[in-house]
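Working notes for the structure below.
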Amino acid sequence: MSKVSWLVSKIKLYILKSDFKALTKADVMFVRHVNNCGFNYNGLVYTQIIDSVIDVAKKCGLECLSIATPYSRYYGASAYNSPFVFNRSFFWVSVVSKLIERFVDSDRAYLFRRGVSVRIWKKILVRVEPEAVIGIQPCRFLCIAAKDLGVKVFDYQHGVISKDHLWYGHKLPFEMRGEELPSGILCWDQASADALSSWAQERSVEVVVLGNPWVRRFIVQDEADDLVFGQSVDMYLAQPMKPSILVSLQWGLGEKYYKNSGFNGIMSDSLKGVILKTQEKYNWLIRLHPVQLRGVEEKIVKQKLKNMFEGCNGVEWEAASNAPLPLVLKNCDLHLTDMSTVVKEAAWFGVPSGILNPFLRDGGMLQNLYKEERESGIAKLLENSESDIELWIEKEVGRNPIFKMNIFEGSISLEEFLKRFVG
C-alpha cells in the first residue's frame with residue numbers, strides 16, 4: 001500500500017464516518033469493537049459473544065441495533081449485523097482533548113473529553129431509544145450517558161475475569177465512580193461471578209451468570225442454526241494418526257510481562273523449540289488472537305510465524321485461527337498458552353491446558369488467574385522450559401481428562417434475561 005493510499009484509508013476511517021442520521025429505534029443496543037471480532041461468517045467479521053447474543057435476541061422477537069466503537073475498521077456491509085460507526089465524532093474529541101492537554105492541562109482535557117463523549121453517547125441513545133445496552137467492556141462515558149437517561153447498560157464477559165484482572169479487579173472496583181460503572185456484568189460461569197463478589201454488590205453492579213453463548217451453541221446444537229451447521233474444520237485439524245495440540249497466542253505480552261527480556265513477540269523460545277522438535281510427532285495448531293487477526297499486527301505476526309515454522313509440515317495457523325474455537329477444541333488433545341482465556345474454554349471441552357506465564361505463581365501479579373481450573377487439574381502451570389513442556393505433553397497425551405467443567409450453570413437463561421430486562 002502506497003503512502004497516499006494509506007493516508008486516504010486513515011482519513012476514511014477516522015474523519016469521514018459518523019452514522020447519526022442512519023440510526024433507527026431498537027429494543028436493545030449492542031456495542032463492540034473490531035478487536036472482539038474473532039470469526040468470519042460468510043465474508044463478514046463476526047463478534048462471537050455479542051453477535052451470538054443478537055441472534056438469540058432476534059429469535060425472541062427483539063429489535064436490535066449494533067454499534068462498532070472507535071476506531072473500528074469493519075462496520076456496515078463489512079460486518080455481521082451491519083454495525084453503525086461514529087469514528088469521526090470521537091476522533092475530533094480525541095484531537096481537541098490532546099490540544100487542551102498540550103496547551104492548558106490534563107485535568108481540563110479530561111473534563112472536555114468526558115463532557116463531549118457523554119453528549120455523543122446521549123445523542124445516539126436518544127435516537128435509538130433502547131430499553132437496554134449490552135456491550136463488551138462498555139466505556140465509562142457510555143455508562144454515564146445511559147444511566148442519565150434511565151437505560152441499563154450491561155457488560156458481557158468476553159475473556160477471563162479474576163481478582164488480578166486490570167479491568168475487573170482494579171479499574172472497575174477502585175478507579176471508576178459509581179456513575180461510570182455498568183448496571184450489570186453478565187458472566188460465563190460462577191467462578192467469574194465469584195471474582196466480582198468482593199466489590200460488585202457494594203457498588204450496585206448486578207452480576208448475572210448466563211453462560212458463554214458462542215460455545216454453548218456448538219454444544220447444544222440447533223438444526224436451524226446455519227452458522228453452526230455451515231462450519232467444518234479443515235481435515236488437517238483432525239489427523240487421526242497424530243495427537244493435536246492447540247497453541248493459543250495473545251497480543252501485547254512483550255509490553256505487559258516480558259519487556260526487555262528478548263521475547264520474540266509471539267511465544268516463548270522454549271515453546272518454539274518444542275514445536276520445532278516435535279512437529280513430526282504432533283499436529284501443532286497455532287491460533288492467533290483476534291487483535292492479531294484484524295489489527296495492525298496481522299502481517300507482522302504472520303510473517304514471524306512463517307519465519308519460525310516455514311517448511312514444518314506439522315505446524316498450521318491459518319485454519320486453526322479462522323475455524324470456530326469450539327470446533328478446534330473438539331479436535332484437540334491438549335492446549336498450551338502463555339495465559340489465554342482459551343484455558344477456560346478448553347476446560348469446558350475436557351482439554352487439559354499447560355500455562356506458561358510465570359506471574360501466575362503464588363505471590364505473582366496473576367496468582368488468582370484460572371484458580372478453579374488449576375485446582376481441578378484440568379490446567380497446570382508449567383516451567384517455561386523445553387524439558388518441562390515436553391514432559392507435560394508426554395504425560396497428558398492420550399490420558400482421559402478428569403472431567404469437563406460445567407458451562408451450563410447459571411441463574412437464568414439468556415432468553416429469560418432478555419425477557420426480564422428488555423421484553
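Naming works like this for the C-alpha cells: A, B, ... for the chains as they're shown, residue 1 at the start of each chain, ligands 1 onward in shown order.
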Find the residues near segment 410-423 of chain A: any atom within 8 Å, counting only C-alpha atoms, skip ones fewer than 6 places away on the same chain, and give them as a VMD selection string.
chain A and resid 27 to 28 53 56 to 57 60 62 131 to 132 189 to 190 208 to 211
Using only C-alpha atoms, which protein or nucleic acid residues come within 7 Å of segment 309-316 of chain A? Drop anything in the same chain fewer than 6 positions from it, and give the result as a CSV table (one decimal) with N, CA and C atoms, in the first residue's frame.
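So out-v2.csv came out as:
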chain,number,residue,atom,x,y,z
A,279,GLN,N,7.4,-31.5,15.7
A,279,GLN,CA,6.4,-31.2,14.7
A,279,GLN,C,6.1,-32.4,13.8
A,280,GLU,N,6.9,-33.4,13.8
A,280,GLU,CA,6.6,-34.7,13.0
A,280,GLU,C,5.8,-35.6,13.9
A,282,TYR,N,3.5,-34.5,16.5
A,282,TYR,CA,2.2,-33.9,16.8
A,282,TYR,C,1.7,-33.0,15.7
A,283,ASN,N,0.4,-32.8,15.7
A,283,ASN,CA,-0.2,-31.7,14.9
A,283,ASN,C,-0.2,-30.4,15.8
A,284,TRP,N,0.6,-29.4,15.4
A,284,TRP,CA,0.7,-28.2,16.2
A,284,TRP,C,-0.2,-27.2,15.5
A,285,LEU,N,-1.3,-26.7,16.2
A,285,LEU,CA,-2.3,-25.8,15.7
A,285,LEU,C,-2.1,-24.5,16.4
A,286,ILE,N,-1.6,-23.5,15.7
A,286,ILE,CA,-1.4,-22.2,16.4
A,286,ILE,C,-2.5,-21.2,16.0
Near segment 79-86 of chain A, 12 Å: segment 121-199 of chain A residue rows, closest pairs, only C-alpha atoms, as JSON lines:
{"residue": "A:Trp121", "atom": "CA", "partner": "A:Phe86", "partner_atom": "CA", "distance": 9.9}
{"residue": "A:Lys123", "atom": "CA", "partner": "A:Phe86", "partner_atom": "CA", "distance": 11.4}
{"residue": "A:Ile124", "atom": "CA", "partner": "A:Phe86", "partner_atom": "CA", "distance": 9.5}
{"residue": "A:Val128", "atom": "CA", "partner": "A:Phe84", "partner_atom": "CA", "distance": 11.5}
Which residues are near segment 318-321 of chain A? Cut-off 10 Å, only C-alpha atoms, ignore same chain within fewer than 3 positions. Put them as a ChimeraX atom specification.
/A:38-39,233-237,246-249,284-290,292-293,302,315,324-325,327-329
The selected residues should be written to file as a PDB file, in the first residue's frame (atoms: C-alpha atoms).
ATOM      1  CA  GLY A  38     -12.518 -13.327  16.036  1.00  0.00           C
ATOM      2  CA  PHE A  39     -14.567 -15.076  13.354  1.00  0.00           C
ATOM      3  CA  VAL A 233     -12.990 -27.981  10.471  1.00  0.00           C
ATOM      4  CA  ASP A 234     -10.285 -28.441   7.876  1.00  0.00           C
ATOM      5  CA  MET A 235      -9.213 -32.086   7.778  1.00  0.00           C
ATOM      6  CA  TYR A 236      -5.773 -31.012   8.921  1.00  0.00           C
ATOM      7  CA  LEU A 237      -7.230 -30.338  12.352  1.00  0.00           C
ATOM      8  CA  LEU A 246      -3.531 -26.172  20.201  1.00  0.00           C
ATOM      9  CA  VAL A 247      -1.353 -23.144  20.985  1.00  0.00           C
ATOM     10  CA  SER A 248      -3.404 -20.004  21.655  1.00  0.00           C
ATOM     11  CA  LEU A 249      -1.480 -16.771  21.187  1.00  0.00           C
ATOM     12  CA  TRP A 284       0.655 -28.183  16.177  1.00  0.00           C
ATOM     13  CA  LEU A 285      -2.277 -25.795  15.668  1.00  0.00           C
ATOM     14  CA  ILE A 286      -1.388 -22.155  16.359  1.00  0.00           C
ATOM     15  CA  ARG A 287      -4.379 -19.849  16.895  1.00  0.00           C
ATOM     16  CA  LEU A 288      -3.933 -16.089  16.598  1.00  0.00           C
ATOM     17  CA  HIS A 289      -5.741 -13.669  18.910  1.00  0.00           C
ATOM     18  CA  PRO A 290      -8.458 -11.534  17.205  1.00  0.00           C
ATOM     19  CA  GLN A 292      -3.535 -10.274  15.671  1.00  0.00           C
ATOM     20  CA  LEU A 293      -6.045 -11.294  13.001  1.00  0.00           C
ATOM     21  CA  LYS A 302       2.019 -14.000  10.249  1.00  0.00           C
ATOM     22  CA  VAL A 315       2.558 -26.736  12.095  1.00  0.00           C
ATOM     23  CA  PRO A 324     -14.656 -21.610  15.284  1.00  0.00           C
ATOM     24  CA  LEU A 325     -12.775 -22.261  18.517  1.00  0.00           C
ATOM     25  CA  LEU A 327     -14.756 -26.961  16.692  1.00  0.00           C
ATOM     26  CA  VAL A 328     -10.988 -26.664  17.033  1.00  0.00           C
ATOM     27  CA  LEU A 329     -11.158 -27.722  20.692  1.00  0.00           C
TER      28      LEU A 329
END
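Counting only C-alpha atoms, the residue from A:Lys25, A:Arg203, A:Lys98, A:Arg374 that sits nearest to Tyr110 of chain A is A:Lys98.
Residue nearest Arg361 of chain A within the list A:Gly273, A:Trp92, A:Leu381, A:Tyr156: A:Leu381 [criterion: smallest interatomic distance, only C-alpha atoms].
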I'd like the contact shell of Val207 of chain A - 10 Å cut-off, only C-alpha atoms, skipping same-chain residues fewer than 2 positions apart - returned as a list in words.
Phe154, Asp155, Ser183, Gly184, Ile185, Leu186, Cys187, Gln190, Ser192, Ala193, Asp194, Leu196, Ser197, Ala200, Gln201, Ser204, Val205, Val209, Leu210 and Ser411 of chain A
Write out the residues from the selection above, keeping N, CA and C atoms, as a tab-separated table (two decimals), in the first residue's frame.
chain	number	residue	atom	x	y	z
A	154	PHE	N	-25.17	-3.22	30.24
A	154	PHE	CA	-24.56	-4.44	30.74
A	154	PHE	C	-23.27	-4.75	29.99
A	155	ASP	N	-22.31	-5.25	30.74
A	155	ASP	CA	-21.02	-5.69	30.20
A	155	ASP	C	-21.05	-7.21	30.10
A	183	SER	N	-24.42	-1.15	34.71
A	183	SER	CA	-25.50	-1.56	35.62
A	183	SER	C	-25.31	-3.00	36.06
A	184	GLY	N	-24.73	-3.79	35.17
A	184	GLY	CA	-24.53	-5.20	35.50
A	184	GLY	C	-23.43	-5.82	34.64
A	185	ILE	N	-22.92	-6.95	35.11
A	185	ILE	CA	-21.92	-7.73	34.37
A	185	ILE	C	-22.48	-9.12	34.15
A	186	LEU	N	-22.48	-9.57	32.90
A	186	LEU	CA	-23.04	-10.86	32.52
A	186	LEU	C	-21.90	-11.85	32.34
A	187	CYS	N	-21.86	-12.87	33.20
A	187	CYS	CA	-20.70	-13.77	33.28
A	187	CYS	C	-20.96	-15.11	32.60
A	190	GLN	N	-19.90	-19.38	37.24
A	190	GLN	CA	-19.96	-18.91	38.62
A	190	GLN	C	-18.60	-18.46	39.13
A	192	SER	N	-16.31	-16.86	37.52
A	192	SER	CA	-16.12	-15.47	37.09
A	192	SER	C	-16.96	-14.53	37.95
A	193	ALA	N	-18.19	-14.94	38.24
A	193	ALA	CA	-19.06	-14.12	39.08
A	193	ALA	C	-18.49	-13.97	40.49
A	194	ASP	N	-17.93	-15.06	41.02
A	194	ASP	CA	-17.35	-15.01	42.37
A	194	ASP	C	-16.18	-14.03	42.45
A	196	LEU	N	-16.04	-11.24	41.19
A	196	LEU	CA	-16.59	-9.89	41.29
A	196	LEU	C	-17.28	-9.63	42.62
A	197	SER	N	-17.45	-10.68	43.41
A	197	SER	CA	-18.28	-10.59	44.61
A	197	SER	C	-17.74	-9.63	45.67
A	200	ALA	N	-18.77	-5.84	43.63
A	200	ALA	CA	-19.89	-5.51	42.73
A	200	ALA	C	-21.15	-5.11	43.48
A	201	GLN	N	-21.58	-5.89	44.45
A	201	GLN	CA	-22.82	-5.58	45.16
A	201	GLN	C	-22.73	-4.26	45.90
A	204	SER	N	-23.35	-1.45	43.61
A	204	SER	CA	-24.64	-1.51	42.89
A	204	SER	C	-24.48	-2.01	41.46
A	205	VAL	N	-23.58	-2.95	41.26
A	205	VAL	CA	-23.40	-3.60	39.96
A	205	VAL	C	-23.97	-5.01	40.05
A	209	VAL	N	-25.07	-14.76	35.92
A	209	VAL	CA	-24.38	-15.83	35.20
A	209	VAL	C	-25.29	-16.34	34.09
A	210	LEU	N	-24.87	-16.14	32.84
A	210	LEU	CA	-25.68	-16.53	31.69
A	210	LEU	C	-25.02	-17.56	30.80
A	411	SER	N	-27.85	-18.59	36.73
A	411	SER	CA	-29.05	-18.27	37.49
A	411	SER	C	-30.28	-18.28	36.58
Report as a ChimeraX atom specification: the residues of segment 36-232 of chain A with a DSSP assignment of helix (DSSP H, G or I), based on the backbone of this structure.
/A:36,48-59,76-78,87-103,106-128,140-148,166-175,178-180,190-196,213-219,226-229
Nearest residue to Ile219 of chain A out of A:Lys330, A:Lys371, A:Arg119, A:Arg294, using only C-alpha atoms?
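That would be A:Lys330, the residue with the smallest distance to Ile219 of chain A.
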Polymer residues at most 12 Å from His33 of chain A, only C-alpha atoms, same-chain spacing of 2 or more positions, as a ChimeraX atom specification:
/A:30-31,35-38,45-51,66-75,79,83-87,135-139,158,290-291,294-295
Write the residues of the selection above to a file with C-alpha atoms, as a PDB file, in the first residue's frame.
ATOM      1  CA  PHE A  30     -25.200  -3.569  21.317  1.00  0.00           C
ATOM      2  CA  VAL A  31     -21.656  -2.168  21.314  1.00  0.00           C
ATOM      3  CA  ASN A  35     -10.838  -6.363  18.357  1.00  0.00           C
ATOM      4  CA  ASN A  36     -13.709  -8.512  19.644  1.00  0.00           C
ATOM      5  CA  CYS A  37     -14.316  -9.987  16.168  1.00  0.00           C
ATOM      6  CA  GLY A  38     -12.518 -13.327  16.036  1.00  0.00           C
ATOM      7  CA  VAL A  45     -16.461 -10.163  10.555  1.00  0.00           C
ATOM      8  CA  TYR A  46     -18.387 -11.678  13.451  1.00  0.00           C
ATOM      9  CA  THR A  47     -18.183 -10.944  17.169  1.00  0.00           C
ATOM     10  CA  GLN A  48     -18.610 -14.335  18.796  1.00  0.00           C
ATOM     11  CA  ILE A  49     -20.191 -13.145  22.052  1.00  0.00           C
ATOM     12  CA  ILE A  50     -22.189 -10.065  21.013  1.00  0.00           C
ATOM     13  CA  ASP A  51     -23.396 -11.349  17.646  1.00  0.00           C
ATOM     14  CA  SER A  66     -25.243  -2.811  16.691  1.00  0.00           C
ATOM     15  CA  ILE A  67     -22.564  -0.126  17.091  1.00  0.00           C
ATOM     16  CA  ALA A  68     -18.851  -0.512  16.379  1.00  0.00           C
ATOM     17  CA  THR A  69     -16.894   1.507  18.928  1.00  0.00           C
ATOM     18  CA  PRO A  70     -13.978   3.688  17.793  1.00  0.00           C
ATOM     19  CA  TYR A  71     -11.912   3.140  15.880  1.00  0.00           C
ATOM     20  CA  SER A  72     -13.369   0.166  14.049  1.00  0.00           C
ATOM     21  CA  ARG A  73     -12.311  -0.711  10.510  1.00  0.00           C
ATOM     22  CA  TYR A  74     -15.189  -3.135   9.989  1.00  0.00           C
ATOM     23  CA  TYR A  75     -18.723  -1.778  10.081  1.00  0.00           C
ATOM     24  CA  ALA A  79     -19.552  -6.778   9.445  1.00  0.00           C
ATOM     25  CA  PRO A  83     -22.938  -2.074  12.952  1.00  0.00           C
ATOM     26  CA  PHE A  84     -23.069   1.716  12.835  1.00  0.00           C
ATOM     27  CA  VAL A  85     -19.868   3.645  13.438  1.00  0.00           C
ATOM     28  CA  PHE A  86     -19.018   7.068  14.898  1.00  0.00           C
ATOM     29  CA  ASN A  87     -15.280   7.254  14.323  1.00  0.00           C
ATOM     30  CA  GLY A 135     -21.591  -4.424  25.231  1.00  0.00           C
ATOM     31  CA  ILE A 136     -18.086  -5.668  25.794  1.00  0.00           C
ATOM     32  CA  GLN A 137     -16.427  -3.511  28.452  1.00  0.00           C
ATOM     33  CA  PRO A 138     -18.667  -0.502  27.709  1.00  0.00           C
ATOM     34  CA  CYS A 139     -16.716   2.700  28.262  1.00  0.00           C
ATOM     35  CA  HIS A 158     -15.572 -11.752  26.638  1.00  0.00           C
ATOM     36  CA  PRO A 290      -8.458 -11.534  17.205  1.00  0.00           C
ATOM     37  CA  VAL A 291      -6.255  -8.437  17.592  1.00  0.00           C
ATOM     38  CA  ARG A 294      -7.767  -7.935  12.475  1.00  0.00           C
ATOM     39  CA  GLY A 295      -5.360  -5.333  13.846  1.00  0.00           C
TER      40      GLY A 295
END
Residues within 8 Å of Pro243 of chain A, please, as a list in words. Count only C-alpha atoms; anything in the same chain fewer than 6 positions from it doesn't count.
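Skipping anything fewer than 6 positions along the chain leaves Lys281, Tyr282, Asn283, Cys332, Asp333, Val397 and Gly398 of chain A.
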Mind the document's chain letters and residue numbers, and return as a PyMOL selection string the residues of segment 50-289 of chain A that DSSP labels strand (DSSP E or B).
chain A and resi 64-68+79+84-85+132-135+152-156+184-187+206-209+244-248+283-287
